[in-house]
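Asker: Take a look at work-v3.cif, mmCIF, C-alpha atoms and all ligand atoms:
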```cif
data_model
#
loop_
_atom_site.label_atom_id
_atom_site.label_comp_id
_atom_site.auth_asym_id
_atom_site.auth_seq_id
_atom_site.Cartn_x
_atom_site.Cartn_y
_atom_site.Cartn_z
CA MET W 1 0.00 0.00 0.00
CA GLY W 2 1.31 3.44 -0.81
CA TYR W 3 0.16 5.48 2.17
CA LYS W 4 3.34 7.46 2.29
CA SER W 5 1.98 10.80 1.25
CA PRO W 6 1.51 13.46 3.85
CA LEU W 7 -1.97 14.54 4.65
CA GLN W 8 -2.66 18.02 3.47
CA SER W 9 -4.96 19.79 5.83
CA GLY W 10 -7.72 22.21 4.99
CA ASN W 11 -9.71 22.64 1.84
CA SER W 12 -7.71 20.44 -0.45
CA MET W 13 -10.06 17.81 -1.80
CA CYS W 14 -7.41 15.22 -2.50
CA THR W 15 -6.87 14.68 1.17
CA TRP W 16 -10.41 13.77 1.99
CA ARG W 17 -10.85 11.53 -0.99
CA TYR W 18 -7.66 9.79 -0.02
CA LEU W 19 -8.84 9.37 3.52
CA GLY W 20 -12.25 8.18 2.39
CA ARG W 21 -10.75 4.78 1.68
CA PHE W 22 -10.45 4.29 5.40
CA VAL W 23 -14.06 5.00 6.33
CA THR W 24 -15.21 1.42 6.43
CA LEU W 25 -11.82 0.22 7.48
CA GLY W 26 -11.92 2.44 10.55
CA VAL W 27 -15.28 1.10 11.62
CA TYR W 28 -14.17 -2.50 11.22
CA ALA W 29 -10.97 -1.80 13.06
CA ALA W 30 -13.03 -0.49 15.95
CA VAL W 31 -15.10 -3.67 16.00
CA ALA W 32 -11.96 -5.80 15.85
CA LEU W 33 -10.43 -3.83 18.68
CA PHE W 34 -13.51 -4.28 20.79
CA LEU W 35 -13.32 -8.03 20.23
CA TRP W 36 -9.63 -7.94 21.01
CA TYR W 37 -10.21 -6.19 24.31
CA THR W 38 -12.99 -8.60 25.19
CA LEU W 39 -11.43 -11.88 24.15
CA VAL W 40 -7.70 -11.54 24.54
CA PRO W 41 -6.44 -11.52 28.12
CA THR W 42 -4.56 -8.36 28.95
CA ARG W 43 -0.88 -8.80 29.41
CA SER W 44 0.96 -7.25 32.29
CA LYS W 45 1.75 -3.60 31.75
CA GLU W 46 5.44 -3.54 32.32
CA PRO W 47 7.02 -0.17 31.78
CA ILE W 48 8.94 -0.10 28.54
CA SER W 49 12.58 0.17 29.39
CA ALA W 50 14.61 2.81 27.66
CA ASN W 51 17.46 0.60 26.55
CA LEU W 52 17.50 2.42 23.24
CA ASP W 53 19.11 5.26 25.07
CA ALA W 54 22.76 5.01 24.08
CA SER W 55 23.81 6.84 27.23
CA ALA W 56 22.88 3.80 29.34
CA ALA W 57 26.18 2.00 28.73
CA PRO W 58 26.27 -1.53 30.10
CA VAL W 59 28.81 -2.78 32.59
CA ILE W 60 31.42 -4.77 30.73
CA THR W 61 32.17 -8.20 32.11
CA LYS W 62 32.86 -10.34 29.09
CA ASN W 63 33.78 -10.08 25.42
CA VAL W 64 31.10 -11.56 23.19
CA VAL W 65 30.88 -12.81 19.61
CA ILE W 66 27.65 -13.18 17.67
CA TYR W 67 27.69 -15.47 14.68
CA ALA W 68 25.24 -14.24 12.05
CA ALA W 69 24.25 -17.40 10.21
CA THR W 70 22.23 -15.55 7.57
CA LYS W 71 22.57 -12.28 5.74
CA PHE W 72 20.28 -9.30 6.12
CA PHE W 73 18.09 -9.11 3.00
CA GLY W 74 21.08 -10.45 1.10
CA HIS W 75 23.55 -7.97 2.62
CA PRO W 76 26.41 -8.81 4.98
CA ILE W 77 25.82 -8.35 8.69
CA THR W 78 28.81 -6.46 10.05
CA THR W 79 29.82 -5.05 13.42
CA GLU W 80 30.36 -1.60 11.90
CA ARG W 81 26.87 -1.34 10.47
CA PHE W 82 24.81 -3.21 13.01
CA LEU W 83 26.42 -1.83 16.15
CA ALA W 84 26.76 1.66 14.70
CA THR W 85 24.31 3.14 17.17
CA CYS W 86 26.25 1.88 20.19
CA PRO W 87 29.99 2.45 19.68
CA ASP W 88 30.67 1.63 23.37
CA VAL W 89 29.27 -1.82 22.86
CA GLN W 90 31.74 -2.41 20.01
CA ASN W 91 34.49 -2.44 22.63
CA TYR W 92 33.36 -5.82 23.86
CA CYS W 93 31.03 -7.21 21.20
CA ARG W 94 31.57 -8.15 17.59
CA ILE W 95 29.53 -9.81 14.86
CA THR W 96 31.01 -12.38 12.52
CA GLN W 97 29.69 -14.10 9.43
CA ASP W 98 32.54 -16.60 9.43
CA GLU W 99 31.12 -20.08 9.89
CA SER W 100 34.35 -21.34 11.42
CA GLU W 101 33.53 -19.19 14.46
CA PHE W 102 30.32 -21.10 15.15
CA ASP W 103 32.05 -23.09 17.90
CA ASN W 104 33.22 -19.99 19.77
CA ALA W 105 30.12 -17.85 19.31
CA ASP W 106 28.04 -16.67 22.26
CA ALA W 107 24.90 -16.56 20.12
CA VAL W 108 23.83 -17.60 16.64
CA LEU W 109 21.53 -15.23 14.83
CA PHE W 110 19.12 -15.80 11.94
CA HIS W 111 17.38 -13.03 10.05
CA ASN W 112 13.92 -14.29 9.17
CA ALA W 113 13.78 -13.17 5.53
CA ASP W 114 17.16 -14.77 4.75
CA TYR W 115 16.38 -18.09 6.38
CA HIS W 116 15.42 -20.52 3.66
CA GLY W 117 13.38 -23.46 4.82
CA GLN W 118 14.89 -26.80 5.68
CA ASN W 119 18.48 -25.72 5.29
CA GLU W 120 20.87 -28.65 5.98
CA LYS W 121 23.49 -26.33 7.41
CA PHE W 122 21.04 -25.00 9.99
CA LYS W 123 19.88 -28.48 10.86
CA SER W 124 23.40 -29.56 11.67
CA MET W 125 23.92 -26.41 13.71
CA LYS W 126 20.91 -27.33 15.77
CA ASN W 127 22.50 -30.69 16.56
CA GLN W 128 25.82 -29.15 17.50
CA ARG W 129 24.63 -26.34 19.70
CA LYS W 130 25.80 -25.71 23.23
CA PRO W 131 23.37 -25.09 26.08
CA GLY W 132 24.51 -21.54 26.89
CA VAL W 133 24.47 -20.34 23.29
CA PRO W 134 21.05 -19.07 22.25
CA PHE W 135 19.78 -19.25 18.68
CA VAL W 136 18.18 -15.91 17.98
CA LEU W 137 15.51 -15.01 15.45
CA TRP W 138 15.58 -11.44 14.21
CA SER W 139 12.55 -10.06 12.41
CA LEU W 140 11.64 -6.53 11.44
CA GLU W 141 8.50 -7.54 9.68
CA SER W 142 4.92 -7.87 10.74
CA PRO W 143 3.63 -11.45 10.84
CA SER W 144 1.67 -10.89 7.64
CA ASN W 145 4.90 -10.45 5.67
CA ASP W 146 6.78 -13.20 7.41
CA ASN W 147 7.50 -16.68 6.06
CA PHE W 148 9.97 -17.87 8.64
CA ARG W 149 9.40 -21.57 9.37
CA PRO W 150 12.28 -23.03 11.40
CA GLU W 151 12.19 -26.43 13.03
CA THR W 152 10.54 -26.81 16.41
CA HIS W 153 12.63 -25.62 19.36
CA MET W 154 15.23 -24.24 16.99
CA ILE W 155 14.85 -20.68 18.27
CA ASN W 156 15.72 -19.72 21.86
CA TRP W 157 15.26 -15.97 21.73
CA THR W 158 13.28 -13.61 19.57
CA MET W 159 14.47 -10.17 18.56
CA THR W 160 11.57 -8.17 17.12
CA TYR W 161 9.54 -4.98 17.54
CA ARG W 162 7.16 -6.86 19.83
CA THR W 163 7.34 -5.67 23.43
CA ASP W 164 7.22 -9.28 24.61
CA ALA W 165 10.18 -10.35 22.45
CA ASP W 166 13.25 -11.57 24.34
CA ILE W 167 15.21 -8.73 22.79
CA TRP W 168 13.02 -5.75 22.15
CA ALA W 169 14.03 -4.07 18.89
CA PRO W 170 11.47 -1.38 18.11
CA TYR W 171 11.44 1.03 15.20
CA GLY W 172 11.24 3.78 17.71
CA THR W 173 10.23 4.61 21.22
CA MET W 174 9.70 7.49 23.58
CA ILE W 175 11.44 8.25 26.80
CA LYS W 176 10.48 10.73 29.45
CA ARG W 177 12.86 13.66 29.75
CA HIS W 178 14.57 14.21 33.09
CA LYS W 179 13.88 17.89 32.79
CA ALA W 180 11.12 19.53 30.78
CA LEU W 181 12.28 21.05 27.53
CA ASP W 182 11.40 24.62 26.64
CA VAL W 183 9.55 24.14 23.35
CA ASN W 184 8.54 27.18 21.32
CA LEU W 185 5.05 26.10 20.36
CA HIS W 186 4.16 29.44 18.82
CA ALA W 187 7.01 29.14 16.37
CA LEU W 188 5.83 25.64 15.60
CA TRP W 189 2.34 26.92 14.84
CA ASN W 190 3.69 29.69 12.63
CA SER W 191 5.83 27.29 10.66
CA LYS W 192 2.74 25.26 9.90
CA SER W 193 0.17 27.88 9.04
CA LYS W 194 2.46 29.81 6.75
CA SER W 195 2.77 26.94 4.36
CA ALA W 196 -0.86 26.02 4.24
CA THR W 197 -1.75 27.95 1.08
CA TRP W 198 0.88 26.90 -1.39
CA LEU W 199 0.58 23.31 -0.27
CA ALA W 200 -2.96 23.12 -1.55
CA SER W 201 -1.69 22.39 -5.04
CA ASN W 202 0.88 19.89 -3.83
CA CYS W 203 -0.88 17.12 -2.04
CA PHE W 204 1.99 14.74 -2.44
CA THR W 205 5.02 16.95 -2.23
CA GLN W 206 8.16 15.57 -0.61
CA ASN W 207 8.68 18.58 1.59
CA LYS W 208 8.18 17.32 5.13
CA ARG W 209 7.78 19.97 7.75
CA PRO W 210 4.98 22.36 6.80
CA TYR W 211 2.25 19.79 7.13
CA LYS W 212 0.02 19.93 10.15
CA PHE W 213 -0.88 16.25 10.00
CA TYR W 214 0.67 13.11 8.65
CA LEU W 215 -1.24 9.97 7.76
CA SER W 216 0.65 7.17 9.52
CA ILE W 217 -1.29 4.10 8.53
CA GLU W 218 0.75 0.91 8.80
CA ASN W 219 0.57 -1.73 6.05
CA SER W 220 -0.57 -4.25 8.66
CA ASN W 221 -2.44 -3.71 11.89
CA CYS W 222 -0.56 -5.84 14.35
CA LYS W 223 0.27 -5.71 18.01
CA ASP W 224 3.21 -3.36 18.67
CA TYR W 225 3.82 -2.92 14.94
CA VAL W 226 4.55 0.77 14.68
CA THR W 227 7.17 1.65 12.11
CA GLU W 228 9.36 4.67 11.36
CA LYS W 229 6.42 6.19 9.53
CA PHE W 230 4.90 7.09 12.88
CA TRP W 231 8.06 7.98 14.80
CA LYS W 232 9.35 10.19 12.01
CA ALA W 233 5.97 11.91 11.69
CA LEU W 234 6.34 12.89 15.33
CA ASN W 235 10.01 13.65 15.35
CA ASP W 236 11.39 14.58 11.93
CA ARG W 237 8.24 16.01 10.40
CA VAL W 238 7.01 17.59 13.64
CA THR W 239 3.38 16.87 12.78
CA ILE W 240 0.38 15.26 14.40
CA PRO W 241 0.27 11.68 13.10
CA ILE W 242 -3.14 10.29 12.18
CA VAL W 243 -3.37 6.60 12.95
CA LEU W 244 -6.04 3.96 12.47
CA ALA W 245 -6.34 2.38 15.91
CA ARG W 246 -5.27 3.89 19.20
CA LYS W 247 -4.52 0.64 20.98
CA TYR W 248 -1.24 -0.14 19.23
CA TYR W 249 0.23 3.23 20.16
CA LYS W 250 -1.11 3.24 23.68
CA ASP W 251 0.53 -0.14 24.28
CA LEU W 252 3.89 1.37 23.34
CA GLY W 253 3.49 4.11 25.91
CA VAL W 254 2.95 6.97 23.48
CA PRO W 255 1.05 9.81 25.18
CA ASP W 256 -2.57 9.90 24.02
CA SER W 257 -2.33 13.55 23.07
CA ALA W 258 0.51 13.06 20.57
CA TYR W 259 -1.65 11.74 17.74
CA ILE W 260 -5.19 11.46 16.39
CA ALA W 261 -6.72 7.99 16.13
CA ILE W 262 -9.48 7.42 13.60
CA ASP W 263 -11.10 4.75 15.73
CA ASP W 264 -11.77 7.27 18.49
CA TYR W 265 -14.66 8.60 16.43
CA ALA W 266 -18.06 7.07 15.99
CA THR W 267 -18.20 7.98 12.33
CA PHE W 268 -15.69 9.01 9.72
CA ASP W 269 -17.42 12.38 9.37
CA GLU W 270 -16.87 13.06 13.05
CA PHE W 271 -13.21 12.28 12.63
CA VAL W 272 -12.91 14.60 9.65
CA ALA W 273 -14.73 17.35 11.53
CA HIS W 274 -12.30 16.98 14.40
CA VAL W 275 -9.24 17.22 12.16
CA LYS W 276 -10.67 20.34 10.55
CA ARG W 277 -11.26 21.87 13.97
CA VAL W 278 -7.72 21.08 15.10
CA GLU W 279 -6.32 22.50 11.91
CA LYS W 280 -7.91 25.91 12.48
CA ASP W 281 -7.66 26.25 16.25
CA LYS W 282 -4.18 27.23 17.35
CA ASP W 283 -4.58 26.22 21.00
CA LEU W 284 -6.17 22.94 20.11
CA TYR W 285 -3.49 22.22 17.51
CA LEU W 286 -0.69 22.98 19.93
CA SER W 287 -2.25 20.83 22.64
CA TYR W 288 -1.18 17.92 20.43
CA HIS W 289 2.42 19.10 20.69
CA GLU W 290 2.59 19.72 24.44
CA TRP W 291 4.13 16.25 24.94
CA ARG W 292 7.31 17.50 23.28
CA LYS W 293 8.21 19.25 26.52
CA ASP W 294 8.28 16.04 28.54
CA TRP W 295 9.04 13.30 26.06
CA LYS W 296 11.83 12.50 23.67
CA VAL W 297 11.43 10.34 20.57
CA ILE W 298 14.15 7.83 19.84
CA ILE W 299 14.26 6.36 16.36
CA GLY W 300 15.40 2.75 16.61
CA SER W 301 14.92 1.46 13.04
CA GLY W 302 14.94 -2.06 14.46
CA PHE W 303 18.75 -2.21 14.62
CA SER W 304 19.04 -1.24 18.27
CA GLY W 305 18.29 -4.86 19.18
CA TRP W 306 21.87 -5.76 18.38
CA CYS W 307 23.17 -3.50 21.11
CA THR W 308 20.75 -4.99 23.62
CA LEU W 309 21.65 -8.51 22.49
CA CYS W 310 25.36 -7.90 23.10
CA ASP W 311 24.54 -6.63 26.57
CA LYS W 312 22.38 -9.62 27.42
CA LEU W 313 24.97 -12.11 26.19
CA GLN W 314 27.48 -10.98 28.77
CA ASP W 315 25.63 -12.78 31.54
CA LYS W 316 26.43 -16.35 30.62
CA GLU W 317 25.52 -17.68 34.03
CA TYR W 318 22.00 -16.29 33.83
CA ILE W 319 21.57 -17.65 30.31
CA LEU W 320 22.61 -21.14 31.38
CA LYS W 321 20.21 -21.06 34.30
CA HIS W 322 17.26 -19.89 32.23
CA PRO W 323 17.06 -21.99 29.09
CA LYS W 324 14.08 -21.42 26.84
CA SER W 325 13.02 -22.19 23.31
CA TYR W 326 10.04 -21.68 21.02
CA LYS W 327 8.26 -24.79 19.93
CA ASP W 328 6.75 -22.86 17.03
CA VAL W 329 8.17 -19.38 16.68
CA ALA W 330 6.08 -18.58 13.61
CA TRP W 331 3.00 -19.15 15.73
CA TRP W 332 4.39 -16.94 18.48
CA HIS W 333 4.99 -14.23 15.93
CA SER W 334 1.54 -14.33 14.40
CA PHE W 335 -1.04 -15.75 16.78
CA GLU W 336 -3.96 -13.33 17.18
CA MET W 337 -1.59 -10.46 16.59
CA CYS W 338 -3.09 -8.84 13.52
CA ASN W 339 -6.49 -7.99 12.12
CA ASN W 340 -5.39 -7.76 8.50
CA GLN W 341 -8.09 -10.00 7.15
CA ILE W 342 -10.48 -7.18 7.97
CA ALA W 343 -8.40 -4.48 6.35
CA ASN W 344 -7.67 -6.53 3.24
CA LYS W 345 -11.34 -6.59 2.26
CA PHE W 346 -11.24 -2.86 1.64
CA LEU W 347 -7.95 -2.53 -0.20
C1 LIG G 1 17.89 -23.52 23.40
O1 LIG G 1 16.92 -24.51 23.15
C2 LIG G 1 17.37 -25.82 23.31
C3 LIG G 1 16.27 -26.75 22.88
O2 LIG G 1 15.11 -26.56 23.64
C4 LIG G 1 17.82 -26.02 24.76
O3 LIG G 1 18.34 -27.34 24.91
C5 LIG G 1 18.87 -25.00 25.13
O4 LIG G 1 19.21 -25.10 26.50
C6 LIG G 1 18.37 -23.62 24.85
N1 LIG G 1 19.41 -22.64 25.06
C7 LIG G 1 19.19 -21.49 25.69
C8 LIG G 1 20.37 -20.58 25.79
O5 LIG G 1 18.14 -21.17 26.16
#
```
For this file, write the structure as structure tokens.

Answerer:
Amino acid sequence: MGYKSPLQSGNSMCTWRYLGRFVTLGVYAAVALFLWYTLVPTRSKEPISANLDASAAPVITKNVVIYAATKFFGHPITTERFLATCPDVQNYCRITQDESEFDNADAVLFHNADYHGQNEKFKSMKNQRKPGVPFVLWSLESPSNDNFRPETHMINWTMTYRTDADIWAPYGTMIKRHKALDVNLHALWNSKSKSATWLASNCFTQNKRPYKFYLSIENSNCKDYVTEKFWKALNDRVTIPIVLARKYYKDLGVPDSAYIAIDDYATFDEFVAHVKRVEKDKDLYLSYHEWRKDWKVIIGSGFSGWCTLCDKLQDKEYILKHPKSYKDVAWWHSFEMCNNQIANKFL
């Protein structure tokens, strides 16, 4: 789906026609969410740790090596690229693609999209593995795009955007600031309203900042699946993201007032009326930016998991004492996590 274009506010017709595709979808999403709330037991609300914050350097106890048994979408997995966001971690952790290091590795990692079925090499690895060396599945994709089918109990740890993954590797997150930031909201408002006129003829321009809103609809509606589209709308584009269903964002700890959720409204017309009101009312518009004073957005792009993995691998004793494995990791990744079958009907 090509929902990349920014939402032009105001009287531009293209916006509302574009949004119209979501009318029915929004209603069905609301129904699905209601069912979700009713049928799926709520999981414990653990606070989301801010281990994406590079300043929280781990205590170094042990050098670690991760053997990457697959590539990353056909590209090499290197220390330089994959630990780029945590240079401190590079002091004690490295990634190798050299199979001869399998025996010395502290973990073996598989990227889902590069793992091809009943690979003989992987089978023999499974037979040779040591108890304290976890096999890790890394996935950036929502279950609907995922074809990873490893053998049973092959995978010990998961590394995905899901908050209940063993290694949490989100596309982005938010952390509370220690001290409130002095944000010039008036300047923000001025930067938006100024551009409103000339944008009317450019619904799909690449220019990012002048837009008041940004349509951040994900290509699948799955638990915790919130991609850069949303985080960059907040951070880089400095807009109010418009999302389909509030639940996914609430679960990730995003303040309610940072975005507009279509499923908050009884009808699509009510939603549109609200957006129009927000667009014209300075105070109301800026109330959606107040969070900037207390919260900081961190873009993770899913790579931050590597830094966390290195950290976790240092505690060999703990790992040996707490063995775990997934009987069916594909099931874990997909079970009751998405409501795409509903959305697909309208696309
Ligand atoms: C990985 O899973 C296997 C198979 O269940 C198990 O024997 C091993 O102890 C597990 N390793 C870790 C580090 O959890």

Asker: If you count all atoms listed in the file, which residues fall within 12 Å of stretch 67-80 of chain W, apart from same-chain ones fewer than 3 positions away, as a ChimeraX atom specification?

Answerer: /W:64,83-116,119,121-123,125-126,133-141,303,306-307,310

Asker: Mind giving me the straight-line distance from atom CA of W:Lys327 to atom C4 of ligand LIG 1 (chain G) in Å, one decimal?

Answerer: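 Calculated distance between atom CA of W:Lys327 and atom C4 of ligand LIG 1 (chain G) is 10.8 Å.
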
Asker: Can you tell me which residues come within 10 Å of ligand LIG 1 (chain G) when counting only C-alpha atoms and all ligand atoms, ideally as a ChimeraX atom specification?

Answerer: /W:106-107,126-127,129-136,152-157,313,316,318-327

Asker: Please identify all polymer residues lying at most 7 Å from the point (-2.2, 9.6, 14.9) (file coordinates), using all atoms listed in the file, and present the result as a list in words.

Answerer: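 In the file's frame, the residues around the point are Ser216, Ile240, Pro241, Ile242, Val243, Tyr259, Ile260 and Ala261 of chain W.
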
Asker: As an exercise, work out the distance from atom CA of W:Asp283 to atom CA of W:Val183 in Å and give it to one decimal place.

Answerer: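 Taking atom CA of W:Asp283 and atom CA of W:Val183, their separation equals 14.5 Å.
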
Asker: Between W:Leu309, W:Val275, W:Val254, W:Val297, which has the minimum distance to W:Asp166 (counting all atoms listed in the file)?

Answerer: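 Closest candidate: W:Leu309.
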
Asker: Kindly indicate which residue among W:Val238, W:Thr158, W:Lys179, W:Met337 lies nearest to W:Ser191, using only C-alpha atoms for the distances.

Answerer: W:Val238

Asker: Using Å and a single decimal, report how far atom CA of W:Ile217 sits from atom CA of W:Leu244.

Answerer: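 Separation between atom CA of W:Leu244 and atom CA of W:Ile217: 6.2 Å.
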
Asker: Compare W:Asn221, W:Thr267, W:Gln314, W:Gln128 by their minimum atom-to-atom distance to W:Ile66, counting only C-alpha atoms, and give me the closest one.

Answerer: W:Gln314

Asker: Have a look at W:Tyr214, W:Tyr288, W:Trp189, W:Tyr248 and name the one nearest to W:Lys232; count only C-alpha atoms.

Answerer: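 Comparing W:Tyr214, W:Tyr288, W:Trp189, W:Tyr248 against W:Lys232, the winner is W:Tyr214.
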
Asker: List the spatial neighbours of W:Thr173 as a PyMOL selection string - criterion: any atom at most 12 Å away, only C-alpha atoms, same-chain residues fewer than 4 positions off excluded.

Answerer: chain W and resi 48-53+161-163+168-169+224-228+230-232+234-235+249-255+295-302+304

Asker: Considering all atoms listed in the file, state which residue in the set W:Asn63, W:Thr239, W:Thr308, W:Ser334 is at the smallest distance from W:His289.

Answerer: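 Of W:Asn63, W:Thr239, W:Thr308, W:Ser334, the one nearest W:His289, counting all atoms listed in the file, is W:Thr239.
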
Asker: For a quick check of understanding, using all atoms listed in the file, which of W:Ser257, W:Glu151, W:Asp315, W:Lys176 has the smallest distance to W:Glu120?

Answerer: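 Residue with the minimum atom-to-atom distance to W:Glu120: W:Glu151.
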